[in-house]
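Colleague: Questions regarding the structure given below will be posed in turn.
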Amino acid sequence: MIALILGAVIAVAAVVLVSLPFLRGSGDDPGTSTDLQDRRLMLIDERDRTLAALKELEFDHRTGKIDDTDYRALVGPLRRAAAEVLQALDAEE
Amino acid sequence: MADLGRAALVVSLGLTLYAFIAGTIGALQKRRRLSDSARNALVAAFGSTVVAAAVLAIALVHHDFSFVYVYSHTSKGLSTIYALSAFWGGQEGSLLLWLLVLSGYGALAAVLNRRLLRDLIVWVVPVIAGIASFFALILVAVASPFQTQVRALDGLGLTPSLQNPYMVAHPPMLYLGYVGLTVPFAFAAAAMLSGHTDERWIVATRRWTLAAWMFLGFGQLLGAHWAYVEVGWGGYYAWDPVENAALMPWLAATAFLHSVMVQERKGMLKVWNMILVALAFELAVFGDFLTRSGVIQSIHSFAQSSIGAWFLGFVVATTLFSVALILWRLPLLRARTKLESALSREATFLYNNLFLVALCLTVLWGVLFPVLSDIFLGQSRTMSRPYYDFFLRIFGLPLLLLMGIGPLIAWRRASVRSLLKTLRWPIGVSIVAGAALIAAGAGSSRPGLIAYTFSAFVLTTIVVELVRGTRATGSLAQLVGRNRRRYGGYVVHASIVMLAIGIAGSSAYATVKEQKLKIGQSMTVAGHTVTYTGLERQRSSTANELRAVLSLSGREHGTIKTGINNFFTGDTSKAVGIHTDWLRLEDTYVIFDQQEGNAVFFKVLVKPLVNMIWVAGFVFLGGSLVALWPDAREQRRLVARLALARG
Amino acid sequence: MVALAVAGVLAVFLLYTALGGNSTPLLQPSNLANHAGTISLTGKVRGPVTGDAKVGGLQFGLHNIKGESPVVPIVFRGSVPDLFKVGRDVNLTGHLDAKGAFVANQMTTKCPSKYTATPNKTA
């Protein structure tokens with residue numbers, strides 16, 4: 001008997017949960033992303049990548065893993081790349 | 001009650017199928033409510049699976065022998081913990097456990113990410129639901145845990161060697177690992193299905209992958225420890241197909257964990273990462289197939305049931321699906337950057353991956369060889385231990401070395417000069433260590449010597465990193481707190497080094513001796529003398545226990561008892577005696593081989609540093625947990641980034 | 001460069017197998033006849049079991065786990081694994097001697113068919 005009741009409860013709960021979105025009538029907004037958003041996502045990825053690389057370079061330099069010569073050689077191009085990405089992102093606004 | 005269990009599983013099947021179909025349609029046609037409904041269905045499926053699991057668990061604890069499953073795997077005398085552990089002791093129960101963990105993980109992943117990663121989740125849900133519906137189908141139609149019979153008076157009992165704490169923990173831990181690999185796979189598939197192959201899927205699944213990998217690794221160590229103390233042949237890993245079934249996905253996942261770092265920093269290796277995550281998932285399911293079908297002759301061979309065919313079909317179908325997806329999205333995944341130098345951190349990650357995957361494929365080849373040779377050569381042949389040992393050295397030793405070089409080498413391009421400068425301490429220490437080891441006699445095994453020297457190298461690099469970092473940030477706690485992934489990773493590396501030391505010591509430098517002893521006689525092995533002093537007999541609830549008592553003298557002192565259990569069911573098993581020297585981490589391992597009147601044939605093994613392996617397990621856990629620890633700052637940054645992306 | 005590395009790995013592999021890689025045939029009593037060299041033999045133990053594994057060798061018969069087959073006489077010298085008894089499935093490593101008996105020095109037992117992590121005892 002208990003089994004039957006419990007079983008019915010589960011079934012009902014499942015049906016309710018599944019139909020909830022339709023009952024709420026939240027509407028079918030697209031929530032899709034356009035090409036513009038995809039480009040932004042890629043640019044944001046690149047921005048985060050370059051900034052993280054800069055941060056890591058600074059840290060490695062500070063801890064002595066990268067010596068002054070190598071640091072000077074690497075930091076310039078990285079800073080330029082970061083500036084480029086930030087500019088591109090601003091342009092997308 | 002069995003009816004409730006059956007019904008709950010049918011509900012789970014219905015819900016996962018609905019989530020799969022509705023989710024797919026919702027994602028294709030961009031119908032938000034349908035996608036939400038599918039997500040809810042997955043959560044509800046977890047709920048009904050919990051009910052089914054509870055029914056089985058309760059039946060086990062109450063010794064309800066009207067359940068065929070409870071009858072087959074437990075008995076009245078079994079304690080609660082072991083009765084409960086029988087849940088995963090058999091085919092049907094372990095399948096239910098898999099479904100439980102899968103639906104739980106799926107529900108959690110879908111709910112946690114429903115706002116931030118909506119465009120991915122609409123695809124993650126049907127992928128996970130599709131996989132879950134396969135398992136639900138098997139549970140409903142092929143292997144039901146809820147078969148009933150006329151209630152029996154007592155059950156058949158649990159295999160004695162499974163009545164052991166390690167065997168209670170080992171399967172669930174492995175499952176948390178195996179099944180956990182489904183989540184990154186689902187996200188990868190979702191990234192390709194949605195066309196959004198940017199880094200978000202990797203960032204979202206980073207912790208899932210790490211957690212699954214941690215469970216899978218620790219689970220294997222639990223199994224190895226069980227084999228060592230309970231099965232008792234003196235070893236902990238036999239390269240048995242069922243053992244390899246867990247090793248292969250773990251190796252693939254290790255490669256994946258490393259190569260995603262390259263993708264995150266350089267935007268490279270996107271295709272490779274997709275292949276790796278799919279490989280890890282497929283190997284996990286394939287491993288499950290291997291274990292269940294007994295298709296490959298293995299000491300762990302199991303019942304040949306039709307389940308094998310179902311699983312094989314599932315593996316083939318999902319593999320084809322992954323390959324098709326990757327081929328379809330190849331243009332999207334093409335990298336715009338490439339490797340600048342063969343001497344850079346990116347390159348070392350690549351080498352690390354190559355060795356790991358090579359090792360993984362070597363093991364796979366060894367596992368499949370009997371089947372393939374049967375088909376193509378007409379005769380089944382098997383690869384034995386030397387095959388695996390050879391390739392473990394060829395690929396494993398360079399991997400060990402790379403663990404030391406990788407963290408210290410610069411990104412993009414490193415000069416030999418700067419590399420040698422940063423590595424001067426590690427190189428120096430390893431040369432000194434090597435010389436000291438040779439003087440101490442470690443030259444008796446060349447691979448062992450190399451392993452030890454490389455280990456010294458890697459440990460020094462870790463210490464150097466920690467020292468340098470602490471000097472720069474001021475405190476170790478701050479250093480680790482700000483860079484949890486990196487320093488947690490270093491601790492994990494240290495644990496792998498400890499593992500290597502333990503394996504090298506206990507295999508390359510072990511001593512074995514067999515001798516027949518009469519009471520009062522002794523034998524000496526590698527500085528330890530064991531003297532046979534007498535026999536003891538005891539009776540437990542399941543067996544008559546015969547024990548030979550030996551006293552240990554020489555380097556260590558103590559008493560060792562080793563013997564045989566004669567179970568009332570008619571089986572016998574050996575109970576080995578182990579004395580551990582915790583200072584040297586060395587074990588004196590005694591096996592009661594055979595009795596002859598008043599004399600006993602003993603086999604004594606002295607295994608140096610074997611306990612390093614178990615200690616390594618805890619360090620491994622600790623390091624992984626540090627790397628896994630939630631980082632509030634990182635979370636804020638992620639939210640900000642995603643909000644910005646949505647515009 | 002990746003291609004080179006992959007080629008290198010494959011080369012190592014091929015070299016190993018070419019140098020007489022360590023594979024052993026996996027046989028049953030029904031197809032054992034006339035094989036030379038080290039063999040891995042699997043079958044079901046058939047009584048009577050006589051002798052001593054430490055002195056002179058443990059003797060018993062082995063036949064196919066499934067289906068008809070001749071009974072192969074086994075002489076085993078070494079450590080007898082757990083769960084060894086008549087009717088158990090075992091795997092033996094050894095070779096055929098001139099008299100048609102299979103002389104083995106390693107034996108492992110398979111647990112009766114159950115999906116469990118079965119205990120294996122290698123000797």
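Convention: chains lettered A, B, ... in structure tokens order; per-chain residue numbering from 1; ligands numbered from 1 as shown.
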Kindly provide, as a PyMOL selection string, the residues of chain B having any atom no farther than 7 Å from an atom of chain A, counting only C-alpha atoms.
Modeller: chain B and resi 1+4+7-8+11+30-33+36-38+40-41+44+48+119+198-199+264-265+408+422+468-469+472+645-646
Colleague: Compute the chain B side of the contact with chain C at 9 Å, counting only C-alpha atoms, and hand it back as JSON, numbers by chain.
Modeller: {"B": [88, 89, 90, 91, 92, 159, 161, 162, 167, 171, 227, 230, 231, 232, 233, 238, 242, 291, 292, 297, 298, 299, 300, 301, 302, 303, 304, 342, 350, 351, 354, 355, 358, 362, 369, 370, 379, 380, 381, 382, 383, 384, 385, 386, 387, 390, 391, 394, 570, 571, 572, 573, 574, 593, 594, 601]}
Colleague: If you keep C-alpha atoms, can you produce a file of those selected residues as a PDB file, in the first residue's frame?
Modeller:
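result.pdb was written with the following content:
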```
ATOM      1  CA  TRP B  88      27.569  -2.303  -5.710  1.00  0.00           C
ATOM      2  CA  GLY B  89      28.708  -5.867  -5.315  1.00  0.00           C
ATOM      3  CA  GLY B  90      26.696  -7.180  -8.218  1.00  0.00           C
ATOM      4  CA  GLN B  91      25.818  -6.304 -11.786  1.00  0.00           C
ATOM      5  CA  GLU B  92      22.378  -4.768 -11.288  1.00  0.00           C
ATOM      6  CA  THR B 159      32.508 -13.036  -1.027  1.00  0.00           C
ATOM      7  CA  SER B 161      37.499 -10.929   0.525  1.00  0.00           C
ATOM      8  CA  LEU B 162      35.002  -8.158  -0.247  1.00  0.00           C
ATOM      9  CA  MET B 167      36.396  -2.895  -0.949  1.00  0.00           C
ATOM     10  CA  PRO B 171      33.811   0.906  -6.195  1.00  0.00           C
ATOM     11  CA  ALA B 227      45.074  -6.240  -3.494  1.00  0.00           C
ATOM     12  CA  GLU B 230      43.891  -8.870   1.176  1.00  0.00           C
ATOM     13  CA  VAL B 231      44.559 -10.747  -2.020  1.00  0.00           C
ATOM     14  CA  GLY B 232      48.080 -11.266  -0.845  1.00  0.00           C
ATOM     15  CA  TRP B 233      50.532 -12.210  -3.515  1.00  0.00           C
ATOM     16  CA  ALA B 238      48.764  -7.067 -11.902  1.00  0.00           C
ATOM     17  CA  VAL B 242      39.874  -4.790 -15.030  1.00  0.00           C
ATOM     18  CA  THR B 291      34.483  -5.378 -16.452  1.00  0.00           C
ATOM     19  CA  ARG B 292      30.954  -6.581 -17.089  1.00  0.00           C
ATOM     20  CA  GLN B 297      40.025 -13.280 -20.370  1.00  0.00           C
ATOM     21  CA  SER B 298      40.893 -11.877 -17.082  1.00  0.00           C
ATOM     22  CA  ILE B 299      41.423 -13.149 -13.624  1.00  0.00           C
ATOM     23  CA  HIS B 300      38.563 -10.886 -12.695  1.00  0.00           C
ATOM     24  CA  SER B 301      36.414 -12.428 -15.390  1.00  0.00           C
ATOM     25  CA  PHE B 302      32.722 -12.143 -14.845  1.00  0.00           C
ATOM     26  CA  ALA B 303      29.497 -13.643 -15.987  1.00  0.00           C
ATOM     27  CA  GLN B 304      29.078 -13.721 -19.730  1.00  0.00           C
ATOM     28  CA  ALA B 342      60.115  23.180 -29.239  1.00  0.00           C
ATOM     29  CA  LEU B 350      52.571  18.635 -25.587  1.00  0.00           C
ATOM     30  CA  TYR B 351      55.334  16.124 -24.833  1.00  0.00           C
ATOM     31  CA  LEU B 354      52.163  12.458 -26.029  1.00  0.00           C
ATOM     32  CA  PHE B 355      53.742  10.255 -23.390  1.00  0.00           C
ATOM     33  CA  ALA B 358      51.165   6.695 -25.677  1.00  0.00           C
ATOM     34  CA  THR B 362      49.913   0.849 -24.931  1.00  0.00           C
ATOM     35  CA  PHE B 369      45.496  -8.074 -27.782  1.00  0.00           C
ATOM     36  CA  PRO B 370      43.823 -11.369 -26.831  1.00  0.00           C
ATOM     37  CA  GLN B 379      44.834 -17.719 -31.921  1.00  0.00           C
ATOM     38  CA  SER B 380      44.307 -15.819 -28.738  1.00  0.00           C
ATOM     39  CA  ARG B 381      47.515 -14.484 -27.245  1.00  0.00           C
ATOM     40  CA  THR B 382      48.072 -12.393 -24.186  1.00  0.00           C
ATOM     41  CA  MET B 383      50.639  -9.785 -23.230  1.00  0.00           C
ATOM     42  CA  SER B 384      52.338 -10.496 -19.964  1.00  0.00           C
ATOM     43  CA  ARG B 385      53.920  -8.344 -17.321  1.00  0.00           C
ATOM     44  CA  PRO B 386      57.249  -7.588 -19.104  1.00  0.00           C
ATOM     45  CA  TYR B 387      55.322  -5.826 -21.883  1.00  0.00           C
ATOM     46  CA  PHE B 390      58.842  -2.060 -20.451  1.00  0.00           C
ATOM     47  CA  PHE B 391      56.463   0.599 -21.674  1.00  0.00           C
ATOM     48  CA  ILE B 394      59.911   4.012 -21.561  1.00  0.00           C
ATOM     49  CA  GLY B 570      34.269 -24.650   1.686  1.00  0.00           C
ATOM     50  CA  ASP B 571      36.546 -22.001   0.255  1.00  0.00           C
ATOM     51  CA  THR B 572      39.959 -21.149   1.559  1.00  0.00           C
ATOM     52  CA  SER B 573      41.889 -17.948   1.368  1.00  0.00           C
ATOM     53  CA  LYS B 574      45.286 -16.838   2.531  1.00  0.00           C
ATOM     54  CA  ASP B 593      52.292 -21.032   1.381  1.00  0.00           C
ATOM     55  CA  GLN B 594      51.646 -24.597   2.387  1.00  0.00           C
ATOM     56  CA  PHE B 601      56.473 -23.359   3.553  1.00  0.00           C
TER      57      PHE B 601
END
```
Colleague: Per DSSP on the backbone, what are the alpha helix (DSSP H) residues of range 7-92 of chain A, as JSON, numbers by chain?
Modeller: {"A": [7, 8, 9, 10, 11, 12, 13, 14, 15, 16, 17, 18, 19, 20, 21, 22, 23, 24, 35, 36, 37, 38, 39, 40, 41, 42, 43, 44, 45, 46, 47, 48, 49, 50, 51, 52, 53, 54, 55, 56, 57, 58, 59, 60, 61, 62, 68, 69, 70, 71, 72, 73, 74, 75, 76, 77, 78, 79, 80, 81, 82, 83, 84, 85, 86, 87, 88, 89, 90, 91, 92]}
